[in-house]
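Everything below belongs to work.cif, which stores mmCIF, C-alpha atoms.
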```
data_run
#
loop_
_atom_site.label_atom_id
_atom_site.label_comp_id
_atom_site.auth_asym_id
_atom_site.auth_seq_id
_atom_site.Cartn_x
_atom_site.Cartn_y
_atom_site.Cartn_z
CA MET Q 172 31.78 -21.80 -10.33
CA LYS Q 173 34.96 -20.53 -8.68
CA THR Q 174 35.56 -19.96 -5.02
CA VAL Q 175 37.30 -16.67 -4.24
CA SER Q 176 38.18 -14.47 -1.29
CA VAL Q 177 36.05 -11.40 -0.76
CA ALA Q 178 38.97 -9.21 -1.89
CA GLU Q 179 39.38 -11.24 -5.12
CA ALA Q 180 35.66 -11.08 -5.79
CA VAL Q 181 35.51 -7.30 -5.49
CA SER Q 182 38.70 -6.83 -7.52
CA LEU Q 183 36.71 -8.18 -10.50
CA ILE Q 184 34.44 -5.14 -10.32
CA PRO Q 185 35.68 -2.04 -12.17
CA ASN Q 186 34.90 1.56 -11.31
CA GLY Q 187 31.70 2.63 -13.03
CA ALA Q 188 30.21 -0.89 -12.93
CA THR Q 189 26.48 -1.58 -12.83
CA LEU Q 190 25.61 -3.73 -9.84
CA MET Q 191 22.38 -5.41 -8.84
CA ILE Q 192 22.50 -5.91 -5.09
CA GLY Q 193 20.17 -8.16 -3.09
CA GLY Q 194 18.46 -7.09 0.08
CA PHE Q 195 15.49 -5.21 1.45
CA MET Q 196 16.42 -2.53 3.97
CA GLY Q 197 19.74 -4.35 4.32
CA VAL Q 198 18.18 -7.75 5.06
CA GLY Q 199 19.67 -10.23 2.60
CA THR Q 200 22.36 -7.80 1.46
CA PRO Q 201 25.86 -9.32 1.10
CA GLU Q 202 27.47 -7.08 3.72
CA ARG Q 203 30.99 -8.48 3.25
CA LEU Q 204 30.96 -7.53 -0.45
CA ILE Q 205 29.65 -4.07 0.45
CA ASP Q 206 32.38 -3.57 3.07
CA GLU Q 207 35.01 -4.68 0.56
CA LEU Q 208 33.66 -2.35 -2.16
CA VAL Q 209 34.11 0.47 0.35
CA ARG Q 210 37.59 -0.74 1.35
CA GLN Q 211 38.70 -0.93 -2.30
CA GLY Q 212 37.00 2.40 -3.00
CA LYS Q 213 35.14 1.39 -6.18
CA ARG Q 214 33.73 4.61 -7.59
CA ASN Q 215 30.88 5.86 -9.75
CA LEU Q 216 28.83 2.70 -9.31
CA THR Q 217 25.32 2.26 -10.64
CA VAL Q 218 23.32 0.36 -8.05
CA ILE Q 219 20.09 -1.40 -8.95
CA ALA Q 220 18.35 -2.54 -5.77
CA ASN Q 221 15.06 -2.25 -3.93
CA ASP Q 222 16.32 0.53 -1.65
CA THR Q 223 19.49 2.06 -0.24
CA ALA Q 224 18.82 0.81 3.31
CA ALA Q 225 19.94 3.33 5.91
CA PRO Q 226 23.20 5.13 6.69
CA GLY Q 227 25.75 2.64 8.01
CA ARG Q 228 23.72 -0.33 6.86
CA GLY Q 229 23.85 -2.43 3.68
CA ILE Q 230 23.89 -0.34 0.50
CA GLY Q 231 23.78 2.72 2.75
CA LYS Q 232 27.51 2.16 3.36
CA LEU Q 233 28.22 2.65 -0.36
CA VAL Q 234 26.18 5.85 -0.29
CA ASP Q 235 27.94 7.08 2.87
CA ALA Q 236 31.29 6.58 1.13
CA GLY Q 237 30.15 8.54 -1.94
CA LEU Q 238 30.70 5.60 -4.27
CA VAL Q 239 27.30 5.57 -5.98
CA GLY Q 240 26.78 7.68 -9.10
CA ARG Q 241 23.33 6.38 -9.92
CA THR Q 242 20.70 4.51 -7.94
CA VAL Q 243 17.81 2.64 -9.52
CA ALA Q 244 15.45 1.78 -6.65
CA SER Q 245 11.85 1.82 -5.50
CA HIS Q 246 12.33 3.55 -2.16
CA ILE Q 247 14.99 5.80 -0.64
CA GLY Q 248 12.80 7.31 2.09
CA LEU Q 249 14.62 5.64 4.98
CA ASN Q 250 18.05 6.87 3.85
CA PRO Q 251 18.38 10.65 4.32
CA GLU Q 252 21.94 10.54 2.94
CA THR Q 253 20.69 9.21 -0.43
CA GLN Q 254 18.11 11.99 -0.56
CA LYS Q 255 20.77 14.58 0.33
CA GLN Q 256 23.10 13.41 -2.45
CA MET Q 257 20.19 13.30 -4.90
CA ILE Q 258 19.12 16.87 -4.07
CA ALA Q 259 22.76 18.06 -4.24
CA GLY Q 260 23.04 16.52 -7.71
CA LYS Q 261 25.82 14.15 -6.62
CA MET Q 262 23.78 11.05 -7.33
CA ALA Q 263 21.20 10.36 -10.01
CA VAL Q 264 18.19 8.46 -8.68
CA ASP Q 265 15.61 6.63 -10.78
CA LEU Q 266 12.57 5.74 -8.70
CA ILE Q 267 10.55 2.81 -10.00
CA PRO Q 268 7.48 1.08 -8.52
CA GLN Q 269 8.72 -1.93 -6.62
CA GLY Q 270 6.68 -4.46 -8.57
CA THR Q 271 7.84 -2.92 -11.84
CA LEU Q 272 11.48 -2.88 -10.75
CA ILE Q 273 11.55 -6.55 -9.83
CA GLU Q 274 9.68 -7.51 -13.02
CA ARG Q 275 12.11 -5.52 -15.18
CA ILE Q 276 14.94 -7.42 -13.51
CA ARG Q 277 13.12 -10.72 -13.90
CA ALA Q 278 12.57 -9.93 -17.59
CA GLY Q 279 16.27 -9.20 -17.97
CA GLY Q 280 17.15 -12.58 -16.52
CA HIS Q 281 14.48 -14.52 -18.35
CA GLY Q 282 15.26 -13.42 -21.88
CA LEU Q 283 12.29 -11.06 -22.21
CA GLY Q 284 12.44 -7.60 -23.71
CA GLY Q 285 10.29 -6.25 -20.91
CA VAL Q 286 6.89 -6.59 -19.30
CA LEU Q 287 3.44 -5.03 -19.64
CA THR Q 288 2.17 -3.66 -16.33
CA PRO Q 289 -0.87 -1.62 -15.36
CA THR Q 290 1.11 -0.07 -12.49
CA GLY Q 291 1.88 3.57 -13.18
CA VAL Q 292 -0.79 4.13 -15.86
CA GLY Q 293 -2.31 7.58 -15.34
CA THR Q 294 0.58 8.74 -13.13
CA ILE Q 295 3.89 10.50 -13.76
CA VAL Q 296 5.49 7.06 -14.05
CA GLU Q 297 3.99 6.68 -17.54
CA GLU Q 298 5.80 9.74 -18.91
CA GLY Q 299 7.92 8.85 -21.93
CA LYS Q 300 6.78 5.23 -21.98
CA GLN Q 301 5.00 3.29 -24.65
CA LYS Q 302 1.42 2.30 -23.76
CA VAL Q 303 -0.35 -0.68 -25.25
CA GLN Q 304 -3.89 -2.02 -25.06
CA VAL Q 305 -4.41 -5.70 -24.46
CA ASN Q 306 -7.98 -6.97 -24.29
CA GLY Q 307 -9.18 -3.43 -23.66
CA LYS Q 308 -6.88 -2.72 -20.72
CA THR Q 309 -3.99 -0.23 -20.82
CA TYR Q 310 -0.48 -1.29 -19.86
CA LEU Q 311 2.92 0.39 -19.77
CA VAL Q 312 5.79 -1.22 -21.63
CA GLU Q 313 8.55 -1.55 -19.03
CA THR Q 314 11.86 -2.65 -20.51
CA ALA Q 315 14.20 -5.31 -19.14
CA LEU Q 316 17.11 -4.45 -16.85
CA HIS Q 317 20.55 -6.07 -16.92
CA ALA Q 318 23.67 -5.55 -14.87
CA GLN Q 319 27.33 -6.44 -15.11
CA PHE Q 320 27.33 -7.96 -11.64
CA ALA Q 321 24.74 -9.39 -9.26
CA LEU Q 322 25.81 -9.42 -5.62
CA ILE Q 323 23.87 -12.05 -3.71
CA GLY Q 324 23.39 -12.65 -0.01
CA ALA Q 325 22.34 -16.30 0.41
CA PHE Q 326 21.78 -18.30 3.57
CA LEU Q 327 23.11 -21.68 2.39
CA ALA Q 328 25.45 -22.39 -0.51
CA ASP Q 329 26.75 -25.86 -1.29
CA TYR Q 330 30.18 -26.53 -2.78
CA LEU Q 331 28.70 -26.43 -6.30
CA GLY Q 332 26.95 -23.09 -5.79
CA ASN Q 333 23.35 -24.21 -5.24
CA LEU Q 334 21.69 -21.57 -3.04
CA SER Q 335 18.86 -21.28 -0.59
CA TYR Q 336 17.70 -18.27 1.36
CA ALA Q 337 16.28 -17.60 4.81
CA LEU Q 338 13.02 -15.89 5.81
CA THR Q 339 12.67 -12.36 4.41
CA ALA Q 340 16.31 -12.27 3.21
CA ARG Q 341 15.29 -13.86 -0.09
CA ASN Q 342 13.62 -10.75 -1.62
CA PHE Q 343 15.54 -9.59 -4.75
CA ASN Q 344 18.37 -12.15 -4.48
CA PRO Q 345 17.16 -15.08 -6.62
CA VAL Q 346 15.77 -12.69 -9.23
CA ILE Q 347 18.97 -10.66 -9.69
CA ALA Q 348 20.99 -13.90 -9.75
CA MET Q 349 19.67 -14.42 -13.29
CA ALA Q 350 19.99 -10.87 -14.63
CA ALA Q 351 23.71 -10.11 -14.56
CA ASP Q 352 26.75 -11.09 -16.62
CA THR Q 353 28.56 -12.22 -13.47
CA THR Q 354 26.96 -13.44 -10.25
CA ILE Q 355 28.93 -13.22 -7.00
CA VAL Q 356 27.57 -14.88 -3.87
CA THR Q 357 28.22 -14.70 -0.16
CA ALA Q 358 26.47 -17.25 2.02
CA GLU Q 359 26.07 -17.43 5.78
CA HIS Q 360 26.88 -21.14 5.62
CA ILE Q 361 28.73 -23.12 2.97
CA VAL Q 362 27.70 -26.77 3.17
CA PRO Q 363 28.45 -30.09 1.44
CA VAL Q 364 26.68 -30.94 -1.80
CA GLY Q 365 23.44 -32.73 -1.02
CA LEU Q 366 22.65 -30.90 2.22
CA ILE Q 367 20.35 -28.57 0.31
CA ALA Q 368 17.65 -30.89 -0.98
CA PRO Q 369 16.84 -30.44 -4.68
CA ASP Q 370 13.36 -29.16 -3.81
CA HIS Q 371 14.90 -26.51 -1.53
CA VAL Q 372 17.43 -25.13 -4.00
CA VAL Q 373 16.14 -21.70 -5.03
CA THR Q 374 19.07 -20.57 -7.19
CA PRO Q 375 20.58 -23.47 -9.19
CA ALA Q 376 24.36 -23.77 -9.19
CA PRO Q 377 24.98 -22.93 -12.88
CA LEU Q 378 23.80 -19.37 -12.22
CA VAL Q 379 26.60 -18.74 -9.74
CA ASP Q 380 29.98 -17.61 -11.09
CA TYR Q 381 31.84 -16.85 -7.87
CA LEU Q 382 31.25 -18.04 -4.32
CA VAL Q 383 33.05 -16.04 -1.67
CA THR Q 384 34.70 -18.29 0.89
CA ASN Q 385 33.87 -17.93 4.56
CA GLY Q 386 36.28 -17.60 7.43
CA MET D 113 -10.25 7.33 22.11
CA ASP D 114 -7.61 9.10 20.06
CA ALA D 115 -7.92 9.68 16.31
CA GLN D 116 -5.55 6.90 15.30
CA THR D 117 -7.32 4.33 17.47
CA ILE D 118 -10.73 5.27 16.04
CA ILE D 119 -9.42 4.83 12.50
CA ALA D 120 -7.59 1.56 13.13
CA LYS D 121 -10.48 0.02 15.10
CA ARG D 122 -13.02 0.86 12.42
CA ILE D 123 -10.88 -0.51 9.60
CA ALA D 124 -10.23 -3.73 11.52
CA GLN D 125 -13.97 -4.43 11.20
CA GLU D 126 -13.54 -4.74 7.42
CA LEU D 127 -11.28 -7.78 7.77
CA ARG D 128 -12.67 -11.32 7.45
CA SER D 129 -11.15 -14.70 8.16
CA GLY D 130 -9.07 -16.06 5.31
CA MET D 131 -8.32 -12.69 3.74
CA LEU D 132 -4.84 -11.75 2.54
CA VAL D 133 -4.20 -8.24 3.85
CA ASN D 134 -1.34 -5.78 3.30
CA LEU D 135 -0.94 -2.93 5.77
CA GLY D 136 1.07 0.19 5.01
CA ILE D 137 3.20 1.99 7.57
CA GLY D 138 1.81 4.36 10.23
CA ILE D 139 -1.87 4.15 11.19
CA PRO D 140 -2.45 1.22 8.79
CA THR D 141 -0.01 -0.93 10.81
CA MET D 142 -2.15 -0.32 13.93
CA VAL D 143 -5.13 -2.07 12.31
CA ALA D 144 -3.55 -5.43 13.19
CA ASN D 145 -3.90 -4.58 16.91
CA PHE D 146 -7.70 -4.48 16.68
CA VAL D 147 -8.51 -7.65 14.73
CA PRO D 148 -10.70 -9.88 16.94
CA GLU D 149 -9.13 -13.21 17.91
CA THR D 150 -11.85 -15.10 16.06
CA VAL D 151 -10.89 -13.44 12.76
CA LYS D 152 -7.86 -15.17 11.24
CA VAL D 153 -6.35 -13.11 8.43
CA PHE D 154 -3.04 -13.51 6.61
CA PHE D 155 -0.95 -10.36 6.78
CA GLN D 156 1.54 -9.87 3.95
CA SER D 157 4.79 -7.95 4.23
CA GLU D 158 5.82 -7.02 0.71
CA ASN D 159 9.46 -7.87 1.40
CA GLY D 160 8.36 -11.48 1.06
CA LEU D 161 6.25 -12.84 3.93
CA ILE D 162 2.69 -14.03 4.42
CA GLY D 163 1.77 -14.74 8.02
CA THR D 164 3.45 -11.70 9.54
CA GLY D 165 3.00 -11.73 13.31
CA PRO D 166 3.49 -9.13 16.02
CA ILE D 167 6.79 -7.52 17.02
CA PRO D 168 8.89 -10.17 18.78
CA GLU D 169 9.56 -9.95 22.48
CA GLN D 170 12.99 -8.71 23.50
CA GLY D 171 15.69 -11.14 22.45
CA MET D 172 13.38 -13.29 20.29
CA GLY D 173 13.79 -11.45 16.98
CA HIS D 174 15.74 -12.80 14.00
CA ARG D 175 17.79 -10.40 11.88
CA LEU D 176 16.59 -12.08 8.69
CA LEU D 177 12.89 -11.78 9.60
CA THR D 178 11.67 -8.22 9.21
CA ASP D 179 8.76 -6.19 7.90
CA ALA D 180 8.90 -3.90 4.88
CA GLY D 181 10.36 -1.14 7.05
CA GLY D 182 13.22 -3.42 8.08
CA GLN D 183 11.88 -3.81 11.63
CA PRO D 184 11.88 -7.22 13.36
CA VAL D 185 8.61 -9.15 13.16
CA THR D 186 7.49 -12.67 13.97
CA ALA D 187 6.00 -15.26 11.62
CA LEU D 188 2.83 -17.07 12.66
CA PRO D 189 2.30 -20.82 12.22
CA GLY D 190 1.46 -21.37 8.56
CA ALA D 191 3.61 -18.47 7.39
CA SER D 192 5.38 -18.56 4.04
CA THR D 193 8.29 -16.65 2.51
CA PHE D 194 8.97 -15.85 -1.14
CA ASP D 195 10.93 -13.55 -3.41
CA SER D 196 9.95 -10.03 -4.45
CA ALA D 197 8.63 -11.05 -7.89
CA THR D 198 6.15 -13.41 -6.21
CA SER D 199 5.34 -10.82 -3.58
CA PHE D 200 4.39 -8.26 -6.21
CA GLY D 201 2.68 -10.89 -8.31
CA LEU D 202 0.43 -11.40 -5.30
CA ILE D 203 -0.15 -7.65 -5.08
CA ARG D 204 -0.55 -6.70 -8.73
CA GLY D 205 -2.27 -9.94 -9.64
CA GLY D 206 -5.32 -9.28 -7.50
CA HIS D 207 -4.54 -11.87 -4.81
CA VAL D 208 -4.46 -9.34 -1.96
CA ASP D 209 -8.00 -8.89 -0.63
CA ILE D 210 -7.45 -5.63 1.22
CA THR D 211 -4.67 -3.10 1.41
CA VAL D 212 -4.74 -0.34 4.00
CA LEU D 213 -2.65 2.71 3.15
CA GLY D 214 -2.15 6.30 4.24
CA ALA D 215 -2.95 9.31 2.07
CA LEU D 216 -1.76 12.83 1.42
CA GLN D 217 -4.82 13.71 -0.69
CA ILE D 218 -7.94 11.99 -2.01
CA ASP D 219 -10.07 13.59 -4.66
CA ALA D 220 -13.85 13.73 -5.11
CA HIS D 221 -13.75 10.55 -7.18
CA GLY D 222 -11.46 8.59 -4.88
CA LEU D 223 -8.19 9.11 -6.73
CA LEU D 224 -5.26 8.94 -4.32
CA ALA D 225 -2.00 10.86 -3.94
CA ASN D 226 0.19 9.33 -1.26
CA TRP D 227 3.77 9.05 -2.40
CA MET D 228 5.45 12.38 -3.00
CA ILE D 229 5.42 16.11 -2.44
CA PRO D 230 7.49 17.56 -5.29
CA GLY D 231 10.47 19.47 -3.97
CA LYS D 232 9.82 18.42 -0.39
CA MET D 233 9.33 14.71 0.09
CA VAL D 234 10.61 12.29 -2.56
CA PRO D 235 10.99 8.94 -0.82
CA GLY D 236 9.99 6.81 -3.80
CA MET D 237 6.74 5.00 -4.28
CA GLY D 238 7.95 1.65 -2.96
CA GLY D 239 5.01 -0.72 -3.29
CA ALA D 240 2.24 1.89 -3.13
CA MET D 241 1.49 2.09 -6.86
CA ASP D 242 1.33 -1.68 -7.26
CA LEU D 243 -0.89 -2.04 -4.19
CA VAL D 244 -3.42 0.56 -5.33
CA THR D 245 -3.37 -0.84 -8.87
CA GLY D 246 -3.79 -4.47 -7.94
CA ALA D 247 -5.40 -5.05 -4.54
CA LYS D 248 -9.04 -6.12 -4.62
CA ARG D 249 -10.00 -3.42 -2.13
CA VAL D 250 -8.07 -0.28 -1.18
CA ILE D 251 -8.87 1.28 2.20
CA ILE D 252 -7.35 4.58 3.26
CA ALA D 253 -6.53 5.23 6.90
CA MET D 254 -5.92 8.91 7.52
CA GLN D 255 -6.58 11.90 9.72
CA HIS D 256 -9.34 13.90 8.09
CA THR D 257 -7.25 17.07 7.79
CA ALA D 258 -3.56 17.98 7.80
CA LYS D 259 -2.68 21.12 9.78
CA GLY D 260 -6.34 22.10 9.54
CA LYS D 261 -6.46 21.73 5.76
CA PRO D 262 -8.83 19.19 4.20
CA LYS D 263 -7.19 16.14 2.65
CA ILE D 264 -10.29 15.14 0.71
CA VAL D 265 -10.11 17.69 -2.09
CA ASN D 266 -11.84 18.41 -5.40
CA LYS D 267 -8.76 17.49 -7.38
CA CYS D 268 -5.40 16.25 -6.15
CA THR D 269 -2.61 18.78 -6.58
CA LEU D 270 0.02 16.15 -5.70
CA PRO D 271 1.12 13.37 -8.09
CA LEU D 272 -1.38 10.50 -8.23
CA THR D 273 -0.54 7.00 -7.05
CA ALA D 274 -2.73 5.18 -9.57
CA GLU D 275 -5.57 5.73 -11.99
CA ARG D 276 -7.69 3.33 -9.96
CA PRO D 277 -9.78 5.02 -7.23
CA VAL D 278 -9.75 3.84 -3.61
CA ASP D 279 -12.76 2.02 -2.18
CA LEU D 280 -13.10 3.42 1.33
CA VAL D 281 -11.65 6.25 3.40
CA VAL D 282 -11.74 6.01 7.18
CA SER D 283 -10.81 9.07 9.23
CA GLU D 284 -11.37 9.98 12.89
CA LEU D 285 -14.51 11.84 11.75
CA ALA D 286 -16.12 9.67 9.12
CA VAL D 287 -16.27 6.70 6.77
CA ILE D 288 -16.48 7.76 3.14
CA GLY D 289 -17.10 5.50 0.16
CA PHE D 290 -17.24 6.11 -3.59
CA PRO D 291 -20.39 4.46 -4.92
CA ASP D 292 -20.99 5.66 -8.50
CA GLY D 293 -17.57 7.33 -8.37
CA ARG D 294 -18.62 10.11 -5.99
CA ALA D 295 -17.31 10.75 -2.48
CA THR D 296 -20.21 9.74 -0.25
CA LEU D 297 -20.51 10.04 3.51
CA LEU D 298 -21.49 6.64 4.94
CA GLU D 299 -20.77 6.87 8.66
CA THR D 300 -19.84 9.49 11.23
CA ALA D 301 -17.73 8.95 14.34
CA PRO D 302 -19.57 9.10 17.69
CA GLY D 303 -20.40 12.71 18.57
CA VAL D 304 -19.54 14.01 15.09
CA THR D 305 -22.21 15.69 12.95
CA VAL D 306 -22.60 15.58 9.17
CA GLU D 307 -21.96 19.35 9.13
CA GLN D 308 -18.63 18.89 10.95
CA VAL D 309 -17.53 16.35 8.35
CA THR D 310 -18.55 18.45 5.35
CA ALA D 311 -16.88 21.52 6.87
CA ALA D 312 -13.61 19.57 7.12
CA THR D 313 -13.90 18.27 3.54
CA GLU D 314 -13.13 20.33 0.44
CA ALA D 315 -14.75 17.93 -2.03
CA LYS D 316 -18.53 18.02 -2.18
CA LEU D 317 -19.76 15.03 -0.24
CA ALA D 318 -22.86 13.15 -1.20
CA VAL D 319 -24.66 12.00 1.90
CA ALA D 320 -25.97 8.44 2.01
CA ASP D 321 -29.69 7.99 2.61
CA ARG D 322 -29.00 6.34 5.91
CA ILE D 323 -25.94 7.53 7.77
CA SER D 324 -24.92 5.33 10.64
CA GLU D 325 -22.63 5.98 13.53
CA MET D 326 -19.28 4.12 13.57
CA ARG D 327 -19.58 1.22 16.01
CA LEU D 328 -16.40 1.21 18.00
#
```

What is this file in structure tokens?
Amino acid sequence: MKTVSVAEAVSLIPNGATLMIGGFMGVGTPERLIDELVRQGKRNLTVIANDTAAPGRGIGKLVDAGLVGRTVASHIGLNPETQKQMIAGKMAVDLIPQGTLIERIRAGGHGLGGVLTPTGVGTIVEEGKQKVQVNGKTYLVETALHAQFALIGAFLADYLGNLSYALTARNFNPVIAMAADTTIVTAEHIVPVGLIAPDHVVTPAPLVDYLVTNG
Amino acid sequence: MDAQTIIAKRIAQELRSGMLVNLGIGIPTMVANFVPETVKVFFQSENGLIGTGPIPEQGMGHRLLTDAGGQPVTALPGASTFDSATSFGLIRGGHVDITVLGALQIDAHGLLANWMIPGKMVPGMGGAMDLVTGAKRVIIAMQHTAKGKPKIVNKCTLPLTAERPVDLVVSELAVIGFPDGRATLLETAPGVTVEQVTAATEAKLAVADRISEMRL
């Protein structure tokens, strides 16, 4: 694990990169990394996340700045700007059931080729997908998702990179932390090793590549 | 009593102590306001919380404690938080006892369309498909008609949410179940006749042997 400034962290990310970004309606989203992506003007990004928050908030800031070429999300209904760019053909949007999206990411991080889910069977979600029967029940084969970068918003990080999360800001964060080539973390508080008890570490330090310094 | 209150109050009667319950946005959210104090249920927010409490009083909210719409909530004693994979494991895995959701259309067999209107409204399905697929019981809270047009139709023209039918529909006019896979009128709201309900319903309604009046 390396500690870096927010500018150094974002300079690692090329235009056209695929990013998994933590957060649910902006809660748990690493806002400082988002702001820096906007400042450095990284373009044509593919964003894999639960949602695109709202204009001016979280991932919504990337959308506002026109930096997102493709969104893979479960819900964009609270961001009219995302919908506008989708309808105008400026942004491709793949909408995926939330439970399927997080499982595809989990599969990507856990060395699985995908998951079998009953969600979406008999709906337009099944179009183009392989269906299998297991013990008489029909499932869709949903393939694993990977990204080049995972951008994590943690609550506590210790000097080694062990992470814990607060309240509903956990959401996608610990799952995406395992599914990307490079994991970059911002934390509200960076604390000495040992202050996060082993039982309270949610993301173990070896998963973290870069910790953005505070201050 | 307005339509939304009738619906929310009636659905609240379906909740029992100890149940894990997930409420959708809109009228479903109002159900929590009508749960008697003696009934202790666990409300889940799919962003990763069991034990969701009411909206905090001014100045008592925490920016990292929100509901699935991103709005501040409180957490009750005994609450727990978890990641999204666990949250949807709870939902898809059959651990949620009741989910209450809105609807755009319901067909004669209880199939639900509630997530998109092609060309008009494409917000994404969020958690709706997982909830309808996995919850033990799916209850629909909805106004009986939209702009005068029936929402309980012969066949949904909008994209379906799941292949699994809903269990109960509660509107301001009636309670409708699907025993044997057929839309069946079970209860009418006070002052509402069976004829009024069938006139506002496109699908052919079976009528239960004993129709009761909603107790509100």

Counting all atoms listed in the file, which residues in chain Q sit no more than 8 Å from chain D? For each one, give the nearest pair of atoms and the distance in Å, sorted by chain then residue number, as JSON lines.
```
{"residue": "Q:Phe195", "atom": "CA", "partner": "D:Asn159", "partner_atom": "CA", "distance": 6.6}
{"residue": "Q:Met196", "atom": "CA", "partner": "D:Gly182", "partner_atom": "CA", "distance": 5.3}
{"residue": "Q:Gly197", "atom": "CA", "partner": "D:Gly182", "partner_atom": "CA", "distance": 7.6}
{"residue": "Q:Val198", "atom": "CA", "partner": "D:Leu176", "partner_atom": "CA", "distance": 5.9}
{"residue": "Q:Gly199", "atom": "CA", "partner": "D:Leu176", "partner_atom": "CA", "distance": 7.1}
{"residue": "Q:Ala244", "atom": "CA", "partner": "D:Gly236", "partner_atom": "CA", "distance": 8.0}
{"residue": "Q:Ser245", "atom": "CA", "partner": "D:Gly238", "partner_atom": "CA", "distance": 4.7}
{"residue": "Q:His246", "atom": "CA", "partner": "D:Gly236", "partner_atom": "CA", "distance": 4.3}
{"residue": "Q:Ile247", "atom": "CA", "partner": "D:Pro235", "partner_atom": "CA", "distance": 5.1}
{"residue": "Q:Gly248", "atom": "CA", "partner": "D:Pro235", "partner_atom": "CA", "distance": 3.8}
{"residue": "Q:Leu249", "atom": "CA", "partner": "D:Pro235", "partner_atom": "CA", "distance": 7.6}
{"residue": "Q:Gln254", "atom": "CA", "partner": "D:Pro235", "partner_atom": "CA", "distance": 7.8}
{"residue": "Q:Leu266", "atom": "CA", "partner": "D:Gly236", "partner_atom": "CA", "distance": 5.6}
{"residue": "Q:Ile267", "atom": "CA", "partner": "D:Met237", "partner_atom": "CA", "distance": 7.2}
{"residue": "Q:Pro268", "atom": "CA", "partner": "D:Gly238", "partner_atom": "CA", "distance": 5.6}
{"residue": "Q:Gln269", "atom": "CA", "partner": "D:Gly239", "partner_atom": "CA", "distance": 5.1}
{"residue": "Q:Gly270", "atom": "CA", "partner": "D:Phe200", "partner_atom": "CA", "distance": 5.0}
{"residue": "Q:Ile273", "atom": "CA", "partner": "D:Ala197", "partner_atom": "CA", "distance": 5.7}
{"residue": "Q:Glu274", "atom": "CA", "partner": "D:Ala197", "partner_atom": "CA", "distance": 6.3}
{"residue": "Q:Arg277", "atom": "CA", "partner": "D:Ala197", "partner_atom": "CA", "distance": 7.5}
{"residue": "Q:Pro289", "atom": "CA", "partner": "D:Thr245", "partner_atom": "CA", "distance": 7.0}
{"residue": "Q:Thr290", "atom": "CA", "partner": "D:Asp242", "partner_atom": "CA", "distance": 5.5}
{"residue": "Q:Gly291", "atom": "CA", "partner": "D:Ala274", "partner_atom": "CA", "distance": 6.1}
{"residue": "Q:Val292", "atom": "CA", "partner": "D:Glu275", "partner_atom": "CA", "distance": 6.4}
{"residue": "Q:Gly293", "atom": "CA", "partner": "D:Glu275", "partner_atom": "CA", "distance": 5.0}
{"residue": "Q:Thr294", "atom": "CA", "partner": "D:Leu272", "partner_atom": "CA", "distance": 5.6}
{"residue": "Q:Ile295", "atom": "CA", "partner": "D:Pro271", "partner_atom": "CA", "distance": 6.9}
{"residue": "Q:Ala337", "atom": "CA", "partner": "D:Leu176", "partner_atom": "CA", "distance": 6.8}
{"residue": "Q:Leu338", "atom": "CA", "partner": "D:Leu177", "partner_atom": "CA", "distance": 5.6}
{"residue": "Q:Thr339", "atom": "CA", "partner": "D:Leu177", "partner_atom": "CA", "distance": 5.2}
{"residue": "Q:Ala340", "atom": "CA", "partner": "D:Leu176", "partner_atom": "CA", "distance": 5.5}
{"residue": "Q:Arg341", "atom": "CA", "partner": "D:Asp195", "partner_atom": "CA", "distance": 5.5}
{"residue": "Q:Asn342", "atom": "CA", "partner": "D:Asp195", "partner_atom": "CA", "distance": 4.3}
{"residue": "Q:Phe343", "atom": "CA", "partner": "D:Ser196", "partner_atom": "CA", "distance": 5.6}
{"residue": "Q:Asn344", "atom": "CA", "partner": "D:Asp195", "partner_atom": "CA", "distance": 7.6}
{"residue": "Q:Pro345", "atom": "CA", "partner": "D:Asp195", "partner_atom": "CA", "distance": 7.2}
{"residue": "Q:Val346", "atom": "CA", "partner": "D:Ala197", "partner_atom": "CA", "distance": 7.4}
```

- Task: Just say which residues the PyMOL selection byres ((chain D and resi 140-146) around 7) picks in this file, as a list in words.
- Result: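 Evaluating the PyMOL selection byres ((chain D and resi 140-146) around 7) on these coordinates yields Ala120, Lys121, Ile123, Ala124, Leu135, Gly136, Ile137, Gly138, Ile139, Val147, Pro148, Val212, Leu213, Gly214 and Ala253 of chain D.
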
- Message: With the PyMOL selection byres ((chain Q and resi 256-261) around 9) as the selection, what would be picked from this file? Answer as a ChimeraX atom specification, please.
- Response: /Q:234,237,239-241,251-255,262-264

- Query: Between Q:Leu311, Q:Leu382, Q:Val305, Q:Val296, which one has atoms that come closest to Q:Leu327, using all atoms listed in the file?
  - Reply: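 Looking only at the distances to Q:Leu327, the closest residue turns out to be Q:Leu382.
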
- For Q:Ala368, which residue among Q:Ile347, Q:Leu334, Q:Val175, Q:Val243 is the nearest when counting only C-alpha atoms?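 That would be Q:Leu334, the residue with the smallest distance to Q:Ala368.
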
- Can you list, as a list in words, every protein, DNA or RNA residue that comes within 9 Å of D:Leu216 when you count only C-alpha atoms, leaving out same-chain residues fewer than 5 positions away?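 Final neighbour list, sorted by chain and number: Leu224, Ala225, Asn226, Trp227, Met228, Ile229, Met254, Ala258, Lys263, Ile264 and Leu270 of chain D.
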
Store the residues picked out above in a file with C-alpha atoms, as a short mmCIF file (atom, residue, chain, number, x, y, z; two decimals), in the frame of the given file.
```
data_model
loop_
_atom_site.label_atom_id
_atom_site.label_comp_id
_atom_site.auth_asym_id
_atom_site.auth_seq_id
_atom_site.Cartn_x
_atom_site.Cartn_y
_atom_site.Cartn_z
CA LEU D 224 -5.26 8.94 -4.32
CA ALA D 225 -2.00 10.86 -3.94
CA ASN D 226 0.19 9.33 -1.26
CA TRP D 227 3.77 9.05 -2.40
CA MET D 228 5.45 12.38 -3.00
CA ILE D 229 5.42 16.11 -2.44
CA MET D 254 -5.92 8.91 7.52
CA ALA D 258 -3.56 17.98 7.80
CA LYS D 263 -7.19 16.14 2.65
CA ILE D 264 -10.29 15.14 0.71
CA LEU D 270 0.02 16.15 -5.70
#
```
